[in-house]
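Here's the structure, in C-alpha cells; my notes come after.
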Amino acid sequence: MTTRIGVVTFPGSLDDRDAQRAIRLAGAEPVALWHADHDLQGVDAIVLPGGFSYGDYLRPGAIASVSPIMAEVVDAANKGMPVLGICNGFQVLVESHLLPGGLIRNAHQQFIRRDQRLVVENAGTAWTNAFEQGEEIVIPLKNGDGGFIASDEDLKRLEGEGLVAFRYRGVNPNGSLDDIAGLTNARGNVVGLMPHPEHAVEPGFGPDMPDAMRSGVDGLRFFESAISALAARV
Ligand SMILES: NC(=O)CC[C@H](N)C(=O)O
C-alpha cells in the first residue's frame with residue numbers, strides 16, 4: 001500500500017505544494033491537510049511546511065501552534081507518527097513544544113537565502129535513516145528567523161542525548177547555538193530543521209552543485225527515510 005504523507009497548509013504557508021511534490025517524487029502519496037480541520041485523514045506521516053504561517057505575527061509558528069489541526073498533530077506525534085517540520089514548520093514544532101528551544105531573528109538581522117552544507121548528526125530518525133551518520137549534504141536555506149536558542153539545560157540534554165539531527169557546516173548562517181540546524185525528539189519520529197529538503201529533490205532545480213560528485217537531490221532522502229521507517233514498522 002502506498003504511504004500517505006499529509007502536508008498541512010496554514011494561512012501563509014508557502015512551500016506546501018513543493019512538499020507535496022517532493023513526497024510524490026519520493027514514491028509516497030501526498031495528502032493536503034487544512035489548518036482549520038481536526039481531521040488527519042488517516043495519513044501515515046505529516047509534514048509541516050515552510051512559509052509565514054499567520055504572517056509570522058507574535059512569533060513565527062506561535063499562532064499556527066494553537067490552530068485546530070495542531071492538536072491532532074501533537075497527539076499523533078506523541079503516539080509515534082513521523083512528523084517533519086521544515087523551516088516555519090520547525091518553528092511550529094518548537095512553539096508546540098514537540099521540540100525544545102526557540103528560533104529567533106538571524107544574528108545579522110537579514111533574511112538569508114543560500115545553498116547550505118549540513119552534517120547529518122543523527123541518522124537514526126524516521127526522517128534521516130537514508131543518510132549515513134556524519135554524512136555531508138547540501139540543501140537550500142531561506143529564512144529570517146533561523147537562530148536556534150535553548151537554555152543551558154536543554155542544550156546539554158540535546159547534545160548529551162544525540163538529539164541534534166543536523167549541524168551547519170562551513171558557515172553558521174544565523175548564529176545558531178552549537179551550529180544547530182535541526183533537532184529530533186528522543187523517539188526519532190519528530191524532526192525539525194531550518195533548511196528546506198523539499199527544494200532539493202530534482203537535478204537542475206535544487207541547489208547549485210559545483211561538485212560533480214553531488215546530485216542536488218539530498219532532500220529526497222528525507223521523504224524516502226519516512227517511507228522506509230513506516231514500511232519497517234508493519
Ligand atoms: N522559509 C520559511 O519557512 C521562512 C520561515 C520564517 N517565517 C522565517 O522567516 O524565519
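If you're wondering about the labels, chains in the C-alpha cells are A, B, ... by order shown, residues count from 1 in each chain, ligands from 1 in order shown.
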Discussion item. List as a PyMOL selection string the protein and nucleic acid residues near range 43-59 of chain A, meaning an atom at most 8 Å away when only C-alpha atoms are counted, but skip any in the same chain fewer than 3 places from it.
Written reply: chain A and resi 3-16+19+31+40+62-64+73+81-90+92+196+226+230
Give me the residues of range 150-222 of chain A that have any atom at most 12 Å from an atom of range 132-137 of chain A; for each, the nearest atom pair and the distance in Å, rounded to one decimal. Use only C-alpha atoms, sort by chain and number, and format it as a Markdown table.
| residue | atom | partner | partner_atom | distance |
| --- | --- | --- | --- | --- |
| A:Gly162 | CA | A:Gln133 | CA | 11.5 |
| A:Val164 | CA | A:Gly134 | CA | 11.7 |
| A:Ala165 | CA | A:Gln133 | CA | 9.8 |
| A:Phe166 | CA | A:Gly134 | CA | 9.2 |
| A:Arg167 | CA | A:Glu136 | CA | 9.6 |
| A:Tyr168 | CA | A:Glu136 | CA | 9.6 |
| A:Arg169 | CA | A:Glu136 | CA | 8.2 |
| A:Gly170 | CA | A:Glu136 | CA | 10.7 |
| A:Pro195 | CA | A:Ile137 | CA | 11.0 |
| A:His196 | CA | A:Ile137 | CA | 11.7 |
| A:Pro197 | CA | A:Ile137 | CA | 10.1 |
| A:Ala200 | CA | A:Ile137 | CA | 10.3 |
| A:Pro207 | CA | A:Ile137 | CA | 10.6 |
| A:Met209 | CA | A:Ile137 | CA | 10.9 |
| A:Asp211 | CA | A:Ile137 | CA | 11.7 |
| A:Met213 | CA | A:Ile137 | CA | 11.5 |
| A:Arg214 | CA | A:Ile137 | CA | 8.7 |
| A:Ser215 | CA | A:Ile137 | CA | 9.9 |
| A:Gly216 | CA | A:Ile137 | CA | 8.8 |
| A:Val217 | CA | A:Ile137 | CA | 9.2 |
| A:Asp218 | CA | A:Ile137 | CA | 6.2 |
| A:Gly219 | CA | A:Ile137 | CA | 8.6 |
| A:Leu220 | CA | A:Ile137 | CA | 11.3 |
| A:Arg221 | CA | A:Ile137 | CA | 10.5 |
| A:Phe222 | CA | A:Ile137 | CA | 11.3 |
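Minimum distance to Leu193 in chain A across A:His35, A:His108, A:Lys142, A:Arg114 (counting only C-alpha atoms) occurs at A:Lys142.
Each of A:Leu141, A:Leu98, A:Val119, A:Val190 was compared to ligand 1 using only C-alpha atoms and all ligand atoms, and A:Leu141 turns out to be the nearest.
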Worksheet item: range 21-220 of chain A: which residues are strand (DSSP E) by DSSP, as a PyMOL selection string?
Response: chain A and resi 29-34+45-48+83-86+102-104+112-120+136-143+147-149+164-168+180-184+190-193
Go ahead and save the residues from that selection, with C-alpha atoms, as a PDB file, in the first residue's frame.
ATOM      1  CA  GLU A  29       1.062   9.885  -1.855  1.00  0.00           C
ATOM      2  CA  PRO A  30       0.763  13.486  -0.629  1.00  0.00           C
ATOM      3  CA  VAL A  31      -2.447  14.389   1.221  1.00  0.00           C
ATOM      4  CA  ALA A  32      -3.434  18.050   1.674  1.00  0.00           C
ATOM      5  CA  LEU A  33      -4.401  18.855   5.294  1.00  0.00           C
ATOM      6  CA  TRP A  34      -6.054  22.125   6.291  1.00  0.00           C
ATOM      7  CA  ALA A  45       3.123  10.779   8.453  1.00  0.00           C
ATOM      8  CA  ILE A  46       2.921  14.569   8.440  1.00  0.00           C
ATOM      9  CA  VAL A  47       4.992  17.444   7.037  1.00  0.00           C
ATOM     10  CA  LEU A  48       4.638  20.984   8.411  1.00  0.00           C
ATOM     11  CA  VAL A  83       6.332  14.420  11.755  1.00  0.00           C
ATOM     12  CA  LEU A  84       8.777  16.636   9.853  1.00  0.00           C
ATOM     13  CA  GLY A  85       8.842  20.415  10.372  1.00  0.00           C
ATOM     14  CA  ILE A  86      10.633  22.390   7.676  1.00  0.00           C
ATOM     15  CA  GLY A 102      13.398  28.659  20.187  1.00  0.00           C
ATOM     16  CA  LEU A 103      14.129  30.263  16.813  1.00  0.00           C
ATOM     17  CA  ILE A 104      14.951  33.952  16.800  1.00  0.00           C
ATOM     18  CA  ILE A 112      19.111  34.785   4.139  1.00  0.00           C
ATOM     19  CA  ARG A 113      18.968  32.508   1.073  1.00  0.00           C
ATOM     20  CA  ARG A 114      21.843  30.157   0.397  1.00  0.00           C
ATOM     21  CA  ASP A 115      22.690  26.587  -0.536  1.00  0.00           C
ATOM     22  CA  GLN A 116      23.745  25.287   2.856  1.00  0.00           C
ATOM     23  CA  ARG A 117      26.123  22.484   3.771  1.00  0.00           C
ATOM     24  CA  LEU A 118      24.882  20.373   6.664  1.00  0.00           C
ATOM     25  CA  VAL A 119      26.182  17.397   8.593  1.00  0.00           C
ATOM     26  CA  VAL A 120      23.717  14.644   9.426  1.00  0.00           C
ATOM     27  CA  GLU A 136      27.522  15.970   4.483  1.00  0.00           C
ATOM     28  CA  ILE A 137      24.547  17.140   2.444  1.00  0.00           C
ATOM     29  CA  VAL A 138      23.598  20.408   0.716  1.00  0.00           C
ATOM     30  CA  ILE A 139      20.080  21.834   0.726  1.00  0.00           C
ATOM     31  CA  PRO A 140      18.697  25.379   0.423  1.00  0.00           C
ATOM     32  CA  LEU A 141      18.187  27.632   3.431  1.00  0.00           C
ATOM     33  CA  LYS A 142      15.875  30.684   3.340  1.00  0.00           C
ATOM     34  CA  ASN A 143      14.602  32.418   6.433  1.00  0.00           C
ATOM     35  CA  GLY A 147      18.815  31.442  15.028  1.00  0.00           C
ATOM     36  CA  PHE A 148      18.445  28.455  17.324  1.00  0.00           C
ATOM     37  CA  ILE A 149      18.480  29.211  21.052  1.00  0.00           C
ATOM     38  CA  VAL A 164      20.943  17.341  17.354  1.00  0.00           C
ATOM     39  CA  ALA A 165      19.898  15.939  13.975  1.00  0.00           C
ATOM     40  CA  PHE A 166      21.712  18.432  11.710  1.00  0.00           C
ATOM     41  CA  ARG A 167      24.521  20.921  12.134  1.00  0.00           C
ATOM     42  CA  TYR A 168      25.589  23.710   9.786  1.00  0.00           C
ATOM     43  CA  ILE A 180      22.402  23.543  15.283  1.00  0.00           C
ATOM     44  CA  ALA A 181      20.319  23.363  12.087  1.00  0.00           C
ATOM     45  CA  GLY A 182      17.823  20.710  13.160  1.00  0.00           C
ATOM     46  CA  LEU A 183      16.649  18.538  16.029  1.00  0.00           C
ATOM     47  CA  THR A 184      14.954  15.221  16.680  1.00  0.00           C
ATOM     48  CA  VAL A 190       9.635  14.193  15.234  1.00  0.00           C
ATOM     49  CA  VAL A 191      12.331  16.083  13.310  1.00  0.00           C
ATOM     50  CA  GLY A 192      12.583  19.814  12.598  1.00  0.00           C
ATOM     51  CA  LEU A 193      15.162  21.758  10.620  1.00  0.00           C
TER      52      LEU A 193
END
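With only C-alpha atoms and all ligand atoms as the basis for measurement, A:Ala107 is the residue among A:Ala107, A:Ile69, A:Ala231, A:Leu25 that approaches ligand 1 most closely.
Nearest residue to ligand 1, choosing from A:Glu121, A:Asp145, A:Glu153, A:Asp37 and counting only C-alpha atoms and all ligand atoms: A:Asp145.
Picture a line from CA of Asn189 in chain A to CA of Gly80 in chain A; it runs 6.0 Å.
Of the listed residues (A:Pro68, A:Gly124, A:Gly160, A:Gly204), A:Pro68 comes nearest to His38 in chain A; the distances count only C-alpha atoms.
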